[in-house]
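Reviewing the structure listed below.
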There are 2 protein chains.
Amino acid sequence: MLTRIDHIGIACFDLDRTVEFYRATYGFEVFHTEVNEEQGVREAMLKINETSDGGASYLQLLEPIREDSTVAKWLAKNGEGVHHIAFGTADVDGDSEAIRDKGVRVLYEQPRIGSMGSRITFLHPKDCGGVLTELVTSAQPTEH
Amino acid sequence: MLTRIDHIGIACFDLDRTVEFYRATYGFEVFHTEVNEEQGVREAMLKINETSDGGASYLQLLEPIREDSTVAKWLAKNGEGVHHIAFGTADVDGDSEAIRDKGVRVLYEQPRIGSMGSRITFLHPKDCGGVLTELVTSAQPTEH
(Lines give C-alpha, C1' and ligand atoms only; values in the text may rest on other atoms or scores of the structure.)
Protein backbone atom coordinates (compact mmCIF):
# COMPACT_ATOMS: atom_id res chain seq x y z
CA MET A 1 0.00 0.00 0.00
CA LEU A 2 1.33 3.42 -0.94
CA THR A 3 1.27 5.53 2.20
CA ARG A 4 3.09 8.77 1.41
CA ILE A 5 4.49 11.12 -1.18
CA ASP A 6 8.11 10.05 -0.69
CA HIS A 7 9.68 12.62 -2.98
CA ILE A 8 9.46 14.81 -6.03
CA GLY A 9 12.38 14.26 -8.40
CA ILE A 10 13.62 17.44 -10.08
CA ALA A 11 16.16 17.27 -12.91
CA CYS A 12 18.74 20.04 -13.20
CA PHE A 13 21.89 20.83 -15.14
CA ASP A 14 23.86 22.11 -12.13
CA LEU A 15 23.20 20.46 -8.77
CA ASP A 16 25.18 22.93 -6.68
CA ARG A 17 23.38 25.90 -8.19
CA THR A 18 19.99 24.23 -7.71
CA VAL A 19 20.74 23.28 -4.10
CA GLU A 20 21.67 26.91 -3.48
CA PHE A 21 18.43 28.12 -5.09
CA TYR A 22 16.33 25.96 -2.76
CA ARG A 23 18.37 27.02 0.28
CA ALA A 24 18.38 30.74 -0.47
CA THR A 25 14.77 30.96 -1.66
CA TYR A 26 12.96 28.65 0.78
CA GLY A 27 15.46 27.76 3.49
CA PHE A 28 15.51 24.05 2.54
CA GLU A 29 18.69 22.31 3.64
CA VAL A 30 20.46 19.29 2.20
CA PHE A 31 19.66 16.16 4.19
CA HIS A 32 21.74 13.73 2.13
CA THR A 33 23.82 13.61 -1.04
CA GLU A 34 25.05 10.69 -3.08
CA VAL A 35 26.08 9.51 -6.52
CA ASN A 36 24.01 6.71 -8.01
CA GLU A 37 26.26 5.21 -10.70
CA GLU A 38 23.60 2.85 -11.98
CA GLN A 39 21.09 5.68 -12.50
CA GLY A 40 23.86 7.95 -13.78
CA VAL A 41 23.04 10.80 -11.40
CA ARG A 42 24.43 12.88 -8.60
CA GLU A 43 21.68 13.87 -6.21
CA ALA A 44 20.73 15.88 -3.16
CA MET A 45 17.79 15.04 -0.92
CA LEU A 46 16.09 17.99 0.84
CA LYS A 47 13.78 16.82 3.64
CA ILE A 48 10.59 18.92 3.66
CA ASN A 49 8.37 17.23 6.25
CA GLU A 50 7.75 14.00 8.08
CA THR A 51 4.73 11.91 7.15
CA SER A 52 1.98 10.09 9.03
CA ASP A 53 3.33 6.66 8.03
CA GLY A 54 6.58 7.31 9.92
CA GLY A 55 8.53 8.32 6.81
CA ALA A 56 9.24 11.69 5.22
CA SER A 57 8.77 13.71 2.05
CA TYR A 58 11.80 15.05 0.18
CA LEU A 59 12.74 17.00 -2.87
CA GLN A 60 15.27 14.97 -4.83
CA LEU A 61 17.50 17.16 -6.99
CA LEU A 62 19.15 15.20 -9.81
CA GLU A 63 22.08 16.11 -12.04
CA PRO A 64 23.23 13.62 -14.70
CA ILE A 65 26.82 12.43 -14.47
CA ARG A 66 26.96 10.97 -17.97
CA GLU A 67 25.33 11.79 -21.28
CA ASP A 68 23.71 8.39 -21.74
CA SER A 69 21.84 8.48 -18.41
CA THR A 70 18.06 8.63 -18.65
CA VAL A 71 18.05 11.94 -16.77
CA ALA A 72 20.54 13.46 -19.24
CA LYS A 73 18.36 12.42 -22.15
CA TRP A 74 15.26 13.73 -20.40
CA LEU A 75 16.95 17.10 -19.75
CA ALA A 76 18.08 17.36 -23.36
CA LYS A 77 14.48 16.91 -24.48
CA ASN A 78 12.54 18.77 -21.78
CA GLY A 79 14.90 21.18 -20.05
CA GLU A 80 14.94 21.49 -16.26
CA GLY A 81 11.83 20.63 -14.26
CA VAL A 82 9.91 17.89 -12.47
CA HIS A 83 11.27 14.56 -13.71
CA HIS A 84 9.22 12.10 -11.61
CA ILE A 85 7.16 11.64 -8.47
CA ALA A 86 7.61 8.87 -5.92
CA PHE A 87 5.24 7.16 -3.51
CA GLY A 88 6.46 5.40 -0.38
CA THR A 89 5.39 1.88 0.52
CA ALA A 90 6.52 -0.72 3.05
CA ASP A 91 6.48 -3.36 0.27
CA VAL A 92 7.81 -2.23 -3.10
CA ASP A 93 8.01 -5.85 -4.28
CA GLY A 94 4.40 -6.71 -3.55
CA ASP A 95 3.00 -3.39 -4.70
CA SER A 96 4.92 -3.36 -7.97
CA GLU A 97 3.79 -6.92 -8.72
CA ALA A 98 0.17 -6.03 -7.98
CA ILE A 99 0.42 -2.96 -10.21
CA ARG A 100 2.04 -4.99 -12.99
CA ASP A 101 -0.89 -7.40 -12.78
CA LYS A 102 -3.22 -4.46 -13.47
CA GLY A 103 -1.50 -3.89 -16.82
CA VAL A 104 0.80 -0.99 -15.88
CA ARG A 105 4.33 -1.48 -17.20
CA VAL A 106 6.90 -1.74 -14.37
CA LEU A 107 10.30 -0.73 -15.73
CA TYR A 108 12.50 -3.06 -13.64
CA GLU A 109 12.08 -6.81 -13.33
CA GLN A 110 13.20 -6.50 -9.69
CA PRO A 111 13.52 -3.34 -7.56
CA ARG A 112 16.91 -1.61 -7.67
CA ILE A 113 18.81 0.53 -5.18
CA GLY A 114 17.68 4.17 -4.87
CA SER A 115 18.50 7.06 -2.54
CA MET A 116 19.76 6.29 0.95
CA GLY A 117 19.74 2.55 0.39
CA SER A 118 16.07 2.40 -0.51
CA ARG A 119 14.64 -0.14 -2.96
CA ILE A 120 12.85 1.41 -5.91
CA THR A 121 11.10 0.74 -9.16
CA PHE A 122 9.50 2.92 -11.83
CA LEU A 123 6.19 2.72 -13.68
CA HIS A 124 5.99 3.65 -17.35
CA PRO A 125 4.79 7.23 -17.73
CA LYS A 126 2.66 6.35 -20.76
CA ASP A 127 0.64 4.03 -18.50
CA CYS A 128 0.38 6.70 -15.75
CA GLY A 129 -1.09 9.75 -17.49
CA GLY A 130 2.30 11.15 -18.50
CA VAL A 131 3.74 10.92 -14.97
CA LEU A 132 6.95 8.94 -14.48
CA THR A 133 6.07 7.30 -11.16
CA GLU A 134 8.49 5.69 -8.72
CA LEU A 135 7.70 3.35 -5.83
CA VAL A 136 10.09 3.41 -2.87
CA THR A 137 10.66 1.29 0.18
CA SER A 138 13.04 2.98 2.61
CA ALA A 139 16.12 1.13 3.81
CA GLN A 140 15.42 1.71 7.49
CA PRO A 141 12.19 0.99 9.29
CA THR A 142 10.01 4.02 8.62
CA GLU A 143 8.92 4.24 12.27
CA HIS A 144 10.85 6.84 14.25
CA MET B 1 8.23 29.23 6.33
CA LEU B 2 7.39 26.39 3.97
CA THR B 3 6.66 23.34 6.12
CA ARG B 4 5.30 20.65 3.81
CA ILE B 5 4.79 19.37 0.31
CA ASP B 6 1.14 20.39 0.09
CA HIS B 7 0.38 18.81 -3.26
CA ILE B 8 1.56 17.76 -6.68
CA GLY B 9 -0.62 19.20 -9.43
CA ILE B 10 -1.18 16.83 -12.35
CA ALA B 11 -2.83 18.05 -15.55
CA CYS B 12 -5.09 15.66 -17.46
CA PHE B 13 -7.54 15.71 -20.34
CA ASP B 14 -10.21 13.61 -18.60
CA LEU B 15 -10.58 14.02 -14.84
CA ASP B 16 -12.95 11.09 -14.34
CA ARG B 17 -10.65 8.71 -16.19
CA THR B 18 -7.62 9.95 -14.24
CA VAL B 19 -9.38 9.68 -10.88
CA GLU B 20 -10.29 6.10 -11.81
CA PHE B 21 -6.65 5.34 -12.75
CA TYR B 22 -5.39 6.49 -9.34
CA ARG B 23 -8.13 4.59 -7.53
CA ALA B 24 -7.77 1.34 -9.44
CA THR B 25 -3.97 1.36 -9.58
CA TYR B 26 -3.02 2.63 -6.12
CA GLY B 27 -6.23 2.68 -4.08
CA PHE B 28 -6.16 6.48 -3.71
CA GLU B 29 -9.63 7.92 -3.03
CA VAL B 30 -11.07 11.33 -3.81
CA PHE B 31 -11.00 13.57 -0.74
CA HIS B 32 -12.55 16.66 -2.36
CA THR B 33 -13.67 17.92 -5.76
CA GLU B 34 -14.42 21.41 -6.96
CA VAL B 35 -14.53 23.72 -9.97
CA ASN B 36 -12.26 26.76 -9.81
CA GLU B 37 -13.77 29.16 -12.34
CA GLU B 38 -10.97 31.69 -11.98
CA GLN B 39 -8.29 29.07 -12.69
CA GLY B 40 -10.47 27.49 -15.38
CA VAL B 41 -10.19 23.98 -13.95
CA ARG B 42 -12.20 21.15 -12.50
CA GLU B 43 -10.16 19.30 -9.92
CA ALA B 44 -10.00 16.34 -7.57
CA MET B 45 -7.85 16.23 -4.46
CA LEU B 46 -6.56 12.81 -3.38
CA LYS B 47 -5.18 12.84 0.17
CA ILE B 48 -2.04 10.72 0.38
CA ASN B 49 -0.69 11.33 3.89
CA GLU B 50 -0.77 13.73 6.79
CA THR B 51 2.29 15.86 7.48
CA SER B 52 4.31 16.82 10.55
CA ASP B 53 3.13 20.46 10.41
CA GLY B 54 -0.48 19.37 10.99
CA GLY B 55 -1.43 19.55 7.31
CA ALA B 56 -1.51 16.94 4.57
CA SER B 57 -0.08 16.07 1.16
CA TYR B 58 -2.39 15.57 -1.80
CA LEU B 59 -2.36 14.79 -5.46
CA GLN B 60 -4.35 17.48 -7.25
CA LEU B 61 -5.77 16.25 -10.55
CA LEU B 62 -6.67 19.11 -12.89
CA GLU B 63 -8.82 19.15 -16.03
CA PRO B 64 -9.32 22.43 -17.90
CA ILE B 65 -12.89 23.65 -18.31
CA ARG B 66 -12.12 26.19 -21.03
CA GLU B 67 -9.59 26.44 -23.81
CA ASP B 68 -8.08 29.72 -22.65
CA SER B 69 -7.19 28.44 -19.16
CA THR B 70 -3.50 28.19 -18.38
CA VAL B 71 -3.86 24.44 -17.78
CA ALA B 72 -5.50 23.95 -21.21
CA LYS B 73 -2.64 25.81 -22.88
CA TRP B 74 -0.08 23.85 -20.88
CA LEU B 75 -1.71 20.52 -21.89
CA ALA B 76 -1.78 21.52 -25.55
CA LYS B 77 1.95 22.16 -25.40
CA ASN B 78 3.15 19.41 -23.05
CA GLY B 79 0.54 16.68 -22.94
CA GLU B 80 -0.54 15.13 -19.66
CA GLY B 81 1.86 15.13 -16.70
CA VAL B 82 3.06 17.00 -13.63
CA HIS B 83 1.94 20.62 -14.01
CA HIS B 84 3.19 22.15 -10.74
CA ILE B 85 4.28 21.42 -7.19
CA ALA B 86 3.02 23.20 -4.07
CA PHE B 87 4.54 23.91 -0.68
CA GLY B 88 2.40 24.59 2.38
CA THR B 89 3.00 27.55 4.68
CA ALA B 90 1.10 29.22 7.51
CA ASP B 91 1.78 32.61 5.88
CA VAL B 92 1.50 32.74 2.10
CA ASP B 93 1.45 36.56 2.18
CA GLY B 94 4.67 36.94 4.14
CA ASP B 95 6.49 34.14 2.38
CA SER B 96 5.56 35.29 -1.12
CA GLU B 97 6.68 38.84 -0.29
CA ALA B 98 9.99 37.57 1.10
CA ILE B 99 10.52 35.43 -2.00
CA ARG B 100 9.63 38.35 -4.29
CA ASP B 101 12.26 40.41 -2.47
CA LYS B 102 14.83 37.75 -3.43
CA GLY B 103 14.16 38.41 -7.11
CA VAL B 104 11.84 35.50 -7.88
CA ARG B 105 8.79 36.56 -9.88
CA VAL B 106 5.53 35.99 -7.97
CA LEU B 107 2.69 35.66 -10.47
CA TYR B 108 -0.11 37.26 -8.42
CA GLU B 109 0.01 40.66 -6.78
CA GLN B 110 -2.06 39.22 -3.91
CA PRO B 111 -2.79 35.56 -3.14
CA ARG B 112 -5.93 34.13 -4.75
CA ILE B 113 -8.35 31.38 -3.75
CA GLY B 114 -7.18 27.80 -4.36
CA SER B 115 -8.47 24.36 -3.47
CA MET B 116 -10.69 23.97 -0.41
CA GLY B 117 -10.70 27.70 0.32
CA SER B 118 -6.93 27.94 0.60
CA ARG B 119 -5.00 31.07 -0.35
CA ILE B 120 -2.40 30.51 -3.05
CA THR B 121 0.17 32.13 -5.26
CA PHE B 122 2.55 30.89 -7.94
CA LEU B 123 6.24 31.52 -8.63
CA HIS B 124 7.50 31.87 -12.19
CA PRO B 125 8.93 28.54 -13.39
CA LYS B 126 11.76 30.31 -15.23
CA ASP B 127 12.96 31.62 -11.85
CA CYS B 128 12.58 28.19 -10.20
CA GLY B 129 14.60 25.81 -12.38
CA GLY B 130 11.71 25.00 -14.69
CA VAL B 131 9.34 24.10 -11.85
CA LEU B 132 6.03 25.96 -11.63
CA THR B 133 5.87 26.35 -7.85
CA GLU B 134 2.80 27.19 -5.79
CA LEU B 135 2.64 28.39 -2.19
CA VAL B 136 -0.49 27.46 -0.20
CA THR B 137 -1.99 28.48 3.10
CA SER B 138 -4.87 26.20 4.05
CA ALA B 139 -8.24 27.69 4.89
CA GLN B 140 -8.61 25.89 8.19
CA PRO B 141 -6.10 25.75 10.99
CA THR B 142 -3.65 23.02 9.97
CA GLU B 143 -3.64 21.51 13.45
CA HIS B 144 -5.92 18.49 13.75
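For the C-alpha coordinates, the naming scheme is as follows: chains receive sequential letters (A, B, ...) according to their order of presentation, residues are indexed from 1 within each chain, and ligands are indexed from 1 in presentation order.
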
Near chain A, meaning an atom within 6 Å, which residues of chain B appear when counting only C-alpha atoms? Write them as a PDB file with all heavy atoms, in the first residue's frame.
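Resulting contents of iface-v5.pdb:
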```
ATOM      1  N   ARG B   4       5.718  21.956   4.365  1.00  0.00           N
ATOM      2  CA  ARG B   4       5.304  20.647   3.813  1.00  0.00           C
ATOM      3  C   ARG B   4       5.206  20.703   2.290  1.00  0.00           C
ATOM      4  O   ARG B   4       5.076  21.786   1.717  1.00  0.00           O
ATOM      5  CB  ARG B   4       3.929  20.217   4.365  1.00  0.00           C
ATOM      6  CG  ARG B   4       2.764  21.049   3.834  1.00  0.00           C
ATOM      7  CD  ARG B   4       1.412  20.614   4.389  1.00  0.00           C
ATOM      8  NE  ARG B   4       0.360  21.534   3.945  1.00  0.00           N
ATOM      9  CZ  ARG B   4       0.089  22.694   4.523  1.00  0.00           C
ATOM     10  NH1 ARG B   4       0.766  23.091   5.581  1.00  0.00           N
ATOM     11  NH2 ARG B   4      -0.873  23.475   4.050  1.00  0.00           N
ATOM     12  N   ILE B  48      -2.978  11.843   0.347  1.00  0.00           N
ATOM     13  CA  ILE B  48      -2.036  10.716   0.377  1.00  0.00           C
ATOM     14  C   ILE B  48      -1.530  10.452   1.784  1.00  0.00           C
ATOM     15  O   ILE B  48      -1.404   9.305   2.200  1.00  0.00           O
ATOM     16  CB  ILE B  48      -0.837  10.972  -0.574  1.00  0.00           C
ATOM     17  CG1 ILE B  48      -1.327  11.411  -1.963  1.00  0.00           C
ATOM     18  CG2 ILE B  48       0.056   9.734  -0.654  1.00  0.00           C
ATOM     19  CD1 ILE B  48      -2.241  10.426  -2.654  1.00  0.00           C
ATOM     20  N   ASN B  49      -1.194  11.510   2.514  1.00  0.00           N
ATOM     21  CA  ASN B  49      -0.691  11.328   3.892  1.00  0.00           C
ATOM     22  C   ASN B  49      -0.881  12.622   4.650  1.00  0.00           C
ATOM     23  O   ASN B  49      -1.062  13.692   4.052  1.00  0.00           O
ATOM     24  CB  ASN B  49       0.796  10.915   3.894  1.00  0.00           C
ATOM     25  CG  ASN B  49       1.693  11.897   3.175  1.00  0.00           C
ATOM     26  OD1 ASN B  49       2.010  11.714   1.986  1.00  0.00           O
ATOM     27  ND2 ASN B  49       2.102  12.971   3.855  1.00  0.00           N
ATOM     28  N   GLU B  50      -0.823  12.523   5.967  1.00  0.00           N
ATOM     29  CA  GLU B  50      -0.769  13.732   6.794  1.00  0.00           C
ATOM     30  C   GLU B  50       0.691  14.086   7.014  1.00  0.00           C
ATOM     31  O   GLU B  50       1.587  13.262   6.792  1.00  0.00           O
ATOM     32  CB  GLU B  50      -1.538  13.521   8.097  1.00  0.00           C
ATOM     33  CG  GLU B  50      -3.018  13.304   7.775  1.00  0.00           C
ATOM     34  CD  GLU B  50      -3.910  13.176   8.988  1.00  0.00           C
ATOM     35  OE1 GLU B  50      -3.404  12.987  10.104  1.00  0.00           O
ATOM     36  OE2 GLU B  50      -5.147  13.267   8.801  1.00  0.00           O
ATOM     37  N   THR B  51       0.928  15.334   7.407  1.00  0.00           N
ATOM     38  CA  THR B  51       2.295  15.860   7.485  1.00  0.00           C
ATOM     39  C   THR B  51       2.587  16.396   8.879  1.00  0.00           C
ATOM     40  O   THR B  51       1.667  16.718   9.639  1.00  0.00           O
ATOM     41  CB  THR B  51       2.495  16.981   6.447  1.00  0.00           C
ATOM     42  OG1 THR B  51       1.485  17.988   6.648  1.00  0.00           O
ATOM     43  CG2 THR B  51       2.388  16.440   5.026  1.00  0.00           C
ATOM     44  N   SER B  52       3.871  16.488   9.189  1.00  0.00           N
ATOM     45  CA  SER B  52       4.306  16.818  10.548  1.00  0.00           C
ATOM     46  C   SER B  52       3.989  18.258  10.956  1.00  0.00           C
ATOM     47  O   SER B  52       4.164  18.606  12.127  1.00  0.00           O
ATOM     48  CB  SER B  52       5.815  16.557  10.670  1.00  0.00           C
ATOM     49  OG  SER B  52       6.519  17.044   9.548  1.00  0.00           O
ATOM     50  N   GLU B  80      -0.250  15.367 -21.071  1.00  0.00           N
ATOM     51  CA  GLU B  80      -0.538  15.126 -19.657  1.00  0.00           C
ATOM     52  C   GLU B  80       0.755  14.938 -18.847  1.00  0.00           C
ATOM     53  O   GLU B  80       1.750  14.420 -19.365  1.00  0.00           O
ATOM     54  CB  GLU B  80      -1.398  13.876 -19.519  1.00  0.00           C
ATOM     55  CG  GLU B  80      -2.794  14.042 -20.121  1.00  0.00           C
ATOM     56  CD  GLU B  80      -3.693  12.849 -19.872  1.00  0.00           C
ATOM     57  OE1 GLU B  80      -3.187  11.704 -19.942  1.00  0.00           O
ATOM     58  OE2 GLU B  80      -4.882  13.054 -19.593  1.00  0.00           O
ATOM     59  N   GLY B  81       0.700  15.324 -17.568  1.00  0.00           N
ATOM     60  CA  GLY B  81       1.857  15.128 -16.696  1.00  0.00           C
ATOM     61  C   GLY B  81       1.824  16.064 -15.505  1.00  0.00           C
ATOM     62  O   GLY B  81       0.801  16.694 -15.214  1.00  0.00           O
ATOM     63  N   GLY B 129      14.040  27.009 -11.752  1.00  0.00           N
ATOM     64  CA  GLY B 129      14.603  25.810 -12.377  1.00  0.00           C
ATOM     65  C   GLY B 129      13.580  24.999 -13.151  1.00  0.00           C
ATOM     66  O   GLY B 129      13.606  23.768 -13.122  1.00  0.00           O
ATOM     67  N   GLY B 130      12.668  25.688 -13.841  1.00  0.00           N
ATOM     68  CA  GLY B 130      11.711  25.000 -14.694  1.00  0.00           C
ATOM     69  C   GLY B 130      10.507  24.427 -13.966  1.00  0.00           C
ATOM     70  O   GLY B 130       9.668  23.776 -14.586  1.00  0.00           O
ATOM     71  N   VAL B 131      10.413  24.681 -12.664  1.00  0.00           N
ATOM     72  CA  VAL B 131       9.340  24.104 -11.846  1.00  0.00           C
ATOM     73  C   VAL B 131       8.314  25.190 -11.511  1.00  0.00           C
ATOM     74  O   VAL B 131       8.620  26.132 -10.772  1.00  0.00           O
ATOM     75  CB  VAL B 131       9.903  23.502 -10.544  1.00  0.00           C
ATOM     76  CG1 VAL B 131       8.772  22.932  -9.688  1.00  0.00           C
ATOM     77  CG2 VAL B 131      10.943  22.432 -10.848  1.00  0.00           C
TER      78      VAL B 131
END
```

Give me, as a PyMOL selection string, the residues of chain A that a backbone DSSP run labels alpha helix (DSSP H). chain A and resi 15-26+70-78+92-101

Would you work out the distance separating atom CA of Arg42 of chain B from atom CA of Arg23 of chain B, expressed in Å to one decimal? 17.8 Å

Give me, as a tab-separated table (two decimals) with N, CA, C and O atoms, in the first residue's frame, the residues of segment 92-122 of chain A that a backbone DSSP run labels strand (DSSP E or B).
```tsv
chain	number	residue	atom	x	y	z
A	106	VAL	N	5.91	-2.00	-15.42
A	106	VAL	CA	6.90	-1.74	-14.37
A	106	VAL	C	8.27	-1.85	-15.04
A	106	VAL	O	8.56	-2.84	-15.71
A	112	ARG	N	15.48	-1.94	-7.72
A	112	ARG	CA	16.91	-1.61	-7.67
A	112	ARG	C	17.17	-0.68	-6.49
A	112	ARG	O	16.25	-0.30	-5.77
A	113	ILE	N	18.44	-0.30	-6.32
A	113	ILE	CA	18.81	0.53	-5.18
A	113	ILE	C	18.65	2.01	-5.53
A	113	ILE	O	19.19	2.49	-6.53
A	119	ARG	N	14.89	0.73	-1.80
A	119	ARG	CA	14.64	-0.14	-2.96
A	119	ARG	C	13.52	0.49	-3.77
A	119	ARG	O	12.48	0.87	-3.22
A	120	ILE	N	13.76	0.61	-5.07
A	120	ILE	CA	12.85	1.41	-5.91
A	120	ILE	C	12.51	0.69	-7.21
A	120	ILE	O	13.25	-0.17	-7.69
A	121	THR	N	11.39	1.08	-7.77
A	121	THR	CA	11.10	0.74	-9.16
A	121	THR	C	10.34	1.90	-9.78
A	121	THR	O	9.92	2.83	-9.08
A	122	PHE	N	10.20	1.86	-11.10
A	122	PHE	CA	9.50	2.92	-11.83
A	122	PHE	C	8.39	2.31	-12.66
A	122	PHE	O	8.51	1.18	-13.17
```

Can you tell me, as a ChimeraX atom specification, what residues are no more than 7 Å from Val92 of chain B when counting only C-alpha atoms, ignoring any on the same chain fewer than 6 positions away? /B:120,135-137
